[in-house]
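input-v4.csv (CSV, C-alpha atoms)
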```csv
chain,number,residue,atom,x,y,z
A,1,MET,CA,-52.1,-71.9,37.1
A,2,SER,CA,-49.4,-74.0,38.7
A,3,LEU,CA,-51.9,-76.7,39.7
A,4,SER,CA,-53.4,-76.7,36.2
A,5,LYS,CA,-50.0,-77.1,34.6
A,6,ASP,CA,-49.3,-80.1,36.9
A,7,GLY,CA,-52.6,-81.7,36.0
A,8,LEU,CA,-54.1,-81.4,39.4
A,9,LEU,CA,-56.7,-78.8,38.4
A,10,ASN,CA,-58.6,-79.2,35.1
A,11,LEU,CA,-61.6,-77.6,33.4
A,12,SER,CA,-64.0,-80.3,32.2
A,13,LEU,CA,-65.9,-79.0,29.2
A,14,SER,CA,-68.3,-81.9,29.2
A,15,ARG,CA,-69.2,-81.5,32.8
A,16,ARG,CA,-68.9,-77.7,32.7
A,17,ARG,CA,-67.0,-77.5,35.9
A,18,TRP,CA,-63.5,-77.6,37.4
A,19,GLU,CA,-62.2,-80.9,38.6
A,20,TRP,CA,-59.3,-81.5,40.9
A,21,ASP,CA,-57.5,-84.2,43.0
A,22,GLU,CA,-57.7,-82.8,46.5
A,23,GLU,CA,-55.6,-85.6,48.0
A,24,LYS,CA,-52.6,-85.0,45.7
A,25,ILE,CA,-53.0,-81.2,46.1
A,26,GLN,CA,-52.9,-81.5,49.9
A,27,SER,CA,-49.8,-83.8,49.7
A,28,ARG,CA,-47.9,-81.0,47.9
A,29,GLN,CA,-45.7,-78.9,50.2
A,30,LEU,CA,-46.7,-75.4,49.1
A,31,PRO,CA,-45.5,-72.1,50.7
A,32,ASP,CA,-48.0,-70.3,52.8
A,33,ASP,CA,-47.8,-67.0,50.9
A,34,VAL,CA,-47.8,-66.0,47.2
A,35,ALA,CA,-44.3,-64.4,47.3
A,36,SER,CA,-42.6,-67.5,48.6
A,37,PHE,CA,-44.5,-69.6,46.1
A,38,LEU,CA,-43.4,-67.5,43.2
A,39,VAL,CA,-39.8,-67.7,44.5
A,40,SER,CA,-40.0,-71.5,44.5
A,41,THR,CA,-41.3,-71.6,40.9
A,42,THR,CA,-38.1,-69.9,39.6
A,43,GLN,CA,-36.2,-73.2,40.3
A,44,SER,CA,-38.2,-75.1,37.7
A,45,LEU,CA,-37.7,-72.5,34.9
A,46,PRO,CA,-35.5,-73.1,31.8
A,47,GLU,CA,-31.9,-72.1,32.3
A,48,GLU,CA,-32.1,-69.2,29.8
A,49,VAL,CA,-35.0,-67.7,31.7
A,50,ILE,CA,-33.2,-68.0,35.0
A,51,SER,CA,-30.1,-66.4,33.4
A,52,ALA,CA,-32.2,-63.5,32.0
A,53,LEU,CA,-33.9,-63.0,35.4
A,54,SER,CA,-30.5,-62.9,37.0
A,55,VAL,CA,-29.4,-60.1,34.7
A,56,LEU,CA,-32.6,-58.2,35.3
A,57,SER,CA,-32.2,-58.6,39.1
A,58,CYS,CA,-28.9,-56.7,39.0
A,59,PHE,CA,-30.9,-53.6,38.0
A,60,GLY,CA,-33.2,-53.7,41.0
A,61,ILE,CA,-36.9,-54.4,41.0
A,62,GLN,CA,-37.5,-53.0,37.5
A,63,SER,CA,-35.8,-52.0,34.3
A,64,GLU,CA,-37.0,-50.4,31.1
A,65,TYR,CA,-37.4,-52.5,27.9
A,66,THR,CA,-35.0,-50.2,26.0
A,67,VAL,CA,-32.3,-50.8,28.6
A,68,ILE,CA,-32.7,-54.6,28.3
A,69,GLN,CA,-32.8,-54.4,24.5
A,70,LYS,CA,-29.6,-52.4,24.4
A,71,LEU,CA,-27.9,-54.7,26.8
A,72,GLU,CA,-29.0,-57.7,24.8
A,73,ALA,CA,-27.5,-56.2,21.6
A,74,VAL,CA,-24.2,-55.5,23.3
A,75,LEU,CA,-23.8,-58.8,25.3
A,76,GLY,CA,-24.9,-60.9,22.3
A,77,PHE,CA,-27.3,-63.3,24.1
A,78,SER,CA,-31.1,-63.3,24.4
A,79,LEU,CA,-32.8,-61.5,27.2
A,80,VAL,CA,-36.1,-60.2,25.9
A,81,GLN,CA,-37.6,-63.5,24.9
A,82,PRO,CA,-36.7,-65.3,28.1
A,83,LEU,CA,-38.1,-62.4,30.1
A,84,GLU,CA,-41.3,-62.6,28.1
A,85,LEU,CA,-41.5,-66.3,29.2
A,86,ALA,CA,-40.9,-65.2,32.8
A,87,ALA,CA,-43.8,-62.6,32.4
A,88,ALA,CA,-46.1,-65.4,31.2
A,89,GLU,CA,-45.2,-67.4,34.3
A,90,GLY,CA,-46.4,-64.4,36.4
A,91,LEU,CA,-42.9,-63.6,37.8
A,92,LEU,CA,-42.7,-60.2,35.9
A,93,ASP,CA,-45.2,-57.5,35.1
A,94,ARG,CA,-44.9,-55.2,32.1
A,95,ILE,CA,-45.7,-51.7,33.3
A,96,ASN,CA,-45.1,-48.4,31.4
A,97,GLY,CA,-42.4,-49.8,29.2
A,98,SER,CA,-40.6,-51.6,32.0
A,99,TYR,CA,-40.1,-55.2,33.2
A,100,VAL,CA,-41.1,-55.2,36.9
A,101,PHE,CA,-40.6,-58.1,39.3
A,102,CYS,CA,-44.0,-59.0,40.6
A,103,HIS,CA,-42.7,-58.9,44.2
A,104,ASP,CA,-39.5,-57.7,45.7
A,105,LYS,CA,-39.0,-61.1,47.3
A,106,VAL,CA,-38.7,-62.6,43.9
A,107,GLN,CA,-36.0,-60.1,42.8
A,108,GLU,CA,-34.1,-60.7,46.1
A,109,ALA,CA,-34.3,-64.4,45.6
A,110,VAL,CA,-33.0,-64.3,42.0
A,111,TYR,CA,-30.3,-61.8,42.9
A,112,GLY,CA,-29.4,-64.0,45.9
A,113,THR,CA,-28.5,-66.9,43.5
A,114,ILE,CA,-25.6,-64.9,42.3
A,115,LYS,CA,-22.4,-65.6,44.3
A,116,ALA,CA,-21.4,-62.6,46.3
A,117,GLU,CA,-17.9,-62.5,44.8
A,118,GLU,CA,-19.4,-62.4,41.3
A,119,ARG,CA,-21.9,-59.6,41.8
A,120,CYS,CA,-19.5,-56.7,41.5
A,121,LEU,CA,-18.0,-58.3,38.3
A,122,LEU,CA,-21.5,-58.6,36.8
A,123,HIS,CA,-22.6,-55.1,37.7
A,124,PHE,CA,-19.3,-53.8,36.2
A,125,LYS,CA,-19.7,-55.9,33.1
A,126,TYR,CA,-23.3,-54.7,32.5
A,127,GLY,CA,-22.3,-51.1,33.2
A,128,VAL,CA,-19.4,-51.1,30.7
A,129,ALA,CA,-21.6,-52.8,28.1
A,130,LEU,CA,-24.1,-49.9,28.4
A,131,VAL,CA,-21.5,-47.1,28.1
A,132,PRO,CA,-21.4,-46.8,24.3
A,133,PRO,CA,-25.2,-46.4,23.8
A,134,ALA,CA,-25.3,-44.2,26.9
A,135,LEU,CA,-22.8,-41.8,25.5
A,136,GLU,CA,-24.7,-41.7,22.2
A,137,LEU,CA,-27.9,-40.8,24.0
A,138,LYS,CA,-26.0,-38.3,26.1
A,139,ALA,CA,-24.9,-36.5,22.9
A,140,ASP,CA,-28.6,-36.1,22.2
A,141,GLY,CA,-29.3,-34.7,25.6
A,142,ILE,CA,-30.7,-37.9,27.1
A,143,ASP,CA,-29.1,-38.8,30.4
A,144,GLY,CA,-31.1,-41.7,31.7
A,145,LEU,CA,-29.0,-44.5,30.4
A,146,LEU,CA,-25.8,-42.7,31.4
A,147,PHE,CA,-27.0,-42.8,35.1
A,148,ILE,CA,-27.8,-46.5,34.8
A,149,ALA,CA,-24.5,-47.3,33.2
A,150,ALA,CA,-22.6,-45.3,35.9
A,151,ASN,CA,-24.6,-46.9,38.7
A,152,GLN,CA,-23.8,-50.4,37.5
A,153,ILE,CA,-20.1,-49.6,37.1
A,154,ASN,CA,-20.0,-48.0,40.6
A,155,MET,CA,-21.7,-51.0,42.1
A,156,GLY,CA,-18.8,-53.0,40.6
A,157,GLY,CA,-16.2,-50.5,41.9
A,158,PRO,CA,-12.5,-50.2,41.3
A,159,LYS,CA,-11.8,-53.8,42.3
A,160,ALA,CA,-13.7,-55.0,39.2
A,161,VAL,CA,-11.4,-53.1,36.9
A,162,SER,CA,-9.0,-55.5,35.1
A,163,ASP,CA,-7.7,-53.1,32.4
A,164,ASP,CA,-5.9,-50.0,33.7
A,165,GLY,CA,-6.8,-48.4,30.4
A,166,GLN,CA,-10.4,-48.2,31.6
A,167,ILE,CA,-9.6,-46.1,34.6
A,168,VAL,CA,-9.7,-42.7,32.9
A,169,ILE,CA,-12.8,-43.6,30.9
A,170,LEU,CA,-14.7,-44.7,34.0
A,171,ALA,CA,-13.7,-41.6,36.0
A,172,HIS,CA,-14.7,-39.4,33.1
A,173,LEU,CA,-18.0,-41.2,32.8
A,174,ASN,CA,-18.8,-40.4,36.5
A,175,LEU,CA,-17.8,-36.8,35.9
A,176,GLN,CA,-20.3,-36.5,33.1
A,177,ALA,CA,-23.0,-38.2,35.2
A,178,GLY,CA,-22.3,-35.9,38.0
A,179,TYR,CA,-22.5,-32.8,35.8
A,180,SER,CA,-25.9,-34.1,34.5
A,181,ALA,CA,-27.1,-34.6,38.0
A,182,MET,CA,-26.0,-31.1,38.9
A,183,GLU,CA,-28.0,-29.7,36.0
A,184,MET,CA,-31.1,-31.4,37.5
A,185,SER,CA,-30.2,-29.9,40.9
A,186,ASP,CA,-29.7,-33.3,42.4
A,187,TYR,CA,-26.6,-32.4,44.3
A,188,SER,CA,-26.5,-35.4,46.5
A,189,SER,CA,-26.5,-37.8,43.5
A,190,ALA,CA,-24.0,-35.5,41.8
A,191,TYR,CA,-21.6,-35.8,44.7
A,192,SER,CA,-22.0,-39.6,44.7
A,193,TYR,CA,-20.9,-39.7,41.0
A,194,PHE,CA,-18.0,-37.4,41.5
A,195,ASP,CA,-16.9,-39.4,44.6
A,196,HIS,CA,-17.1,-42.7,42.7
A,197,GLY,CA,-15.1,-41.0,39.9
A,198,ILE,CA,-12.4,-40.1,42.4
A,199,SER,CA,-12.4,-43.7,43.7
A,200,PHE,CA,-11.3,-44.9,40.2
A,201,LEU,CA,-8.3,-42.6,40.1
A,202,ARG,CA,-4.8,-43.9,40.9
A,203,LYS,CA,-2.3,-42.2,43.1
A,204,ASN,CA,-0.3,-40.9,40.2
A,205,ASP,CA,-3.3,-39.5,38.3
A,206,TRP,CA,-2.7,-36.0,39.8
A,207,GLU,CA,0.4,-36.0,37.6
A,208,GLU,CA,-0.8,-38.1,34.6
A,209,ASN,CA,-4.4,-36.9,34.5
A,210,TYR,CA,-4.3,-33.6,36.3
A,211,ASP,CA,-7.2,-31.9,34.5
A,212,LEU,CA,-9.5,-34.8,35.1
A,213,SER,CA,-8.5,-35.1,38.8
A,214,LEU,CA,-8.9,-31.4,39.4
A,215,GLN,CA,-12.3,-31.4,37.7
A,216,LEU,CA,-13.6,-34.3,39.8
A,217,PHE,CA,-12.4,-32.9,43.2
A,218,ASP,CA,-13.5,-29.4,42.3
A,219,ALA,CA,-17.0,-30.6,41.2
A,220,ALA,CA,-17.3,-32.8,44.2
A,221,ALA,CA,-16.5,-29.8,46.5
A,222,VAL,CA,-19.1,-27.7,44.7
A,223,SER,CA,-21.8,-30.4,44.9
A,224,VAL,CA,-21.1,-31.0,48.5
A,225,PHE,CA,-21.4,-27.3,49.3
A,226,LEU,CA,-24.7,-27.1,47.4
A,227,ALA,CA,-25.9,-30.2,49.2
A,228,THR,CA,-24.8,-28.6,52.6
A,229,PHE,CA,-22.5,-31.6,53.4
A,230,TYR,CA,-20.1,-29.3,55.2
A,231,SER,CA,-18.0,-31.9,57.0
A,232,THR,CA,-17.3,-33.7,53.7
A,233,LEU,CA,-16.5,-30.3,52.0
A,234,SER,CA,-13.6,-29.8,54.5
A,235,LYS,CA,-12.1,-33.2,53.6
A,236,MET,CA,-12.5,-32.5,49.9
A,237,ASN,CA,-10.9,-29.1,50.3
A,238,ALA,CA,-8.0,-30.6,52.2
A,239,ASN,CA,-7.3,-33.0,49.3
A,240,ILE,CA,-7.1,-30.2,46.8
A,241,CYS,CA,-4.9,-28.1,49.0
A,242,ILE,CA,-2.4,-30.9,49.6
A,243,VAL,CA,-1.9,-31.2,45.8
A,244,PHE,CA,-1.3,-27.5,45.5
A,245,ARG,CA,0.9,-27.5,48.6
A,246,ASN,CA,-0.5,-24.0,49.4
A,247,PRO,CA,-2.5,-23.5,52.6
A,248,LEU,CA,-3.7,-20.1,51.3
A,249,LEU,CA,-5.8,-21.9,48.8
A,250,GLN,CA,-8.0,-23.5,51.5
A,251,LEU,CA,-11.6,-22.4,51.4
A,252,GLU,CA,-13.5,-21.7,54.6
A,253,THR,CA,-16.8,-23.5,54.9
```
Take the structure I supplied and represent it as structure tokens, if you would.
Amino acid sequence: MSLSKDGLLNLSLSRRRWEWDEEKIQSRQLPDDVASFLVSTTQSLPEEVISALSVLSCFGIQSEYTVIQKLEAVLGFSLVQPLELAAAEGLLDRINGSYVFCHDKVQEAVYGTIKAEERCLLHFKYGVALVPPALELKADGIDGLLFIAANQINMGGPKAVSDDGQIVILAHLNLQAGYSAMEMSDYSSAYSYFDHGISFLRKNDWEENYDLSLQLFDAAAVSVFLATFYSTLSKMNANICIVFRNPLLQLET
């Protein structure tokens, strides 16, 4: 396909055969494997296609159409159409309602074009953008987008927060994601969400947001116990006991 686009390989209808310029083809410096070749082709794509691929790469090797559509609506710039162009170039596959990078090396290469210091900010931005539609679906009992939004926010981490007013919202979002994971008996993931929720709390939140803080620590302790992470449970228990200032409240593992 690439050689054909460059005019080096053509189908002659009159001669009923393919024709090519072997000398020019041999003079091209082509990678030895398909993955490397596909990575190199991303450099010649239109800017909007590269930008859309960059967004997609932040979600791993694949992402559902619906997630990209919701993100497009919230961010206010085109994603679907450029990704369709990328799919036509062979960089993406469309499988079971998802955009899938044709090779993990392509996803890694696109993600690698994002500066390291910008990655956490972008993950955070995309996660926050998905929070409103995620909460709407959560109200209907659908948790998938909630997990995706929380994962993106957590990849950004507390350092990406520029508005202290978001702290409680983000901690509470992780609390909801953790509870949903608990309902699915995925205790390891549940603990991860509770732990990330705790990471967003500030030192004075035990006083200002006592109920939320207690819920996060309590839920984290329960999920750790159910996941049999006993060493972590001891640390979690210690944190709660320090707040209460009462050693009699300590739980034995």
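Distance check against Ala227 in chain A using only C-alpha atoms: of A:Asp195, A:Gly76, A:Tyr187, A:Val100, the minimum falls on A:Tyr187.
The coordinates place CA of Ser4 in chain A at 17.3 Å from CA of Leu85 in chain A.
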Calculate how many Å separate CA of Ser51 in chain A from CA of Ala129 in chain A, rounding to one decimal.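 Between CA of Ser51 in chain A and CA of Ala129 in chain A the gap is 16.9 Å.
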Using only C-alpha atoms, find each residue in range 8-104 of chain A having at least one atom no more than 12 Å away from range 154-168 of chain A; report its shortest atom-to-atom pair and that distance in Å (one decimal), rows by chain then rising number, as JSON lines.
```
{"residue": "A:Cys58", "atom": "CA", "partner": "A:Met155", "partner_atom": "CA", "distance": 9.7}
{"residue": "A:Phe59", "atom": "CA", "partner": "A:Met155", "partner_atom": "CA", "distance": 10.4}
{"residue": "A:Gly60", "atom": "CA", "partner": "A:Met155", "partner_atom": "CA", "distance": 11.9}
```
Just to confirm, what's the straight-line distance from CA of Thr66 in chain A to CA of Gly97 in chain A in Å (one decimal)?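 Taking CA of Thr66 in chain A and CA of Gly97 in chain A, their separation equals 8.1 Å.
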Within 10 Å of range 134-148 of chain A, counting all atoms listed in the file, which residues qualify if same-chain residues fewer than 4 places away don't, as a PyMOL selection string? chain A and resi 59+63-64+66-67+70+126-130+152-154+173-174+176-178+180-181+189+193
Save out the residues we just selected, C-alpha atoms, as a PDB file, in the coordinates of the input.
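Writing the result to again_26.pdb gives the following:
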```pdb
ATOM      1  CA  PHE A  59     -30.900 -53.600  38.000  1.00  0.00           C
ATOM      2  CA  SER A  63     -35.800 -52.000  34.300  1.00  0.00           C
ATOM      3  CA  GLU A  64     -37.000 -50.400  31.100  1.00  0.00           C
ATOM      4  CA  THR A  66     -35.000 -50.200  26.000  1.00  0.00           C
ATOM      5  CA  VAL A  67     -32.300 -50.800  28.600  1.00  0.00           C
ATOM      6  CA  LYS A  70     -29.600 -52.400  24.400  1.00  0.00           C
ATOM      7  CA  TYR A 126     -23.300 -54.700  32.500  1.00  0.00           C
ATOM      8  CA  GLY A 127     -22.300 -51.100  33.200  1.00  0.00           C
ATOM      9  CA  VAL A 128     -19.400 -51.100  30.700  1.00  0.00           C
ATOM     10  CA  ALA A 129     -21.600 -52.800  28.100  1.00  0.00           C
ATOM     11  CA  LEU A 130     -24.100 -49.900  28.400  1.00  0.00           C
ATOM     12  CA  GLN A 152     -23.800 -50.400  37.500  1.00  0.00           C
ATOM     13  CA  ILE A 153     -20.100 -49.600  37.100  1.00  0.00           C
ATOM     14  CA  ASN A 154     -20.000 -48.000  40.600  1.00  0.00           C
ATOM     15  CA  LEU A 173     -18.000 -41.200  32.800  1.00  0.00           C
ATOM     16  CA  ASN A 174     -18.800 -40.400  36.500  1.00  0.00           C
ATOM     17  CA  GLN A 176     -20.300 -36.500  33.100  1.00  0.00           C
ATOM     18  CA  ALA A 177     -23.000 -38.200  35.200  1.00  0.00           C
ATOM     19  CA  GLY A 178     -22.300 -35.900  38.000  1.00  0.00           C
ATOM     20  CA  SER A 180     -25.900 -34.100  34.500  1.00  0.00           C
ATOM     21  CA  ALA A 181     -27.100 -34.600  38.000  1.00  0.00           C
ATOM     22  CA  SER A 189     -26.500 -37.800  43.500  1.00  0.00           C
ATOM     23  CA  TYR A 193     -20.900 -39.700  41.000  1.00  0.00           C
TER      24      TYR A 193
END
```
A:Glu207, A:Glu89, A:Glu84, A:Glu183: which is nearest Met1 in chain A, counting only C-alpha atoms?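 For Met1 in chain A, the nearest of the candidates is A:Glu89.
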Point (-46.3, -68.4, 29.7), cut-off 12 Å, counting all atoms listed in the file, residues as a list of chain:residue names: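 Using all atoms listed in the file, the matching residues come out as A:Met1, A:Ser2, A:Lys5, A:Leu45, A:Pro46, A:Val49, A:Gln81, A:Pro82, A:Leu83, A:Glu84, A:Leu85, A:Ala86, A:Ala87, A:Ala88, A:Glu89, A:Gly90, A:Leu91, A:Leu92.
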Choose the residue, out of A:Ala219, A:Ala171, A:Met182, A:Ala149, that has the smallest atom-to-atom separation from Lys125 in chain A; count all atoms listed in the file.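 Under the stated criterion, the closest residue is A:Ala149.
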Would you please work out which residue, of A:Val106, A:Leu170, A:Leu3, A:Leu11, is nearest to Arg28 in chain A when using all atoms listed in the file? A:Leu3
Could you check which of A:Ile198, A:Ile68, A:Ile61, A:Ala73 is closest to Cys102 in chain A, using all atoms listed in the file?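 For Cys102 in chain A, the nearest of the given residues is A:Ile61.
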Go through A:Ser14, A:Gln62, A:Ser78, A:Asn151 and flag the residue nearest Gln107 in chain A, using only C-alpha atoms for the distances. A:Gln62
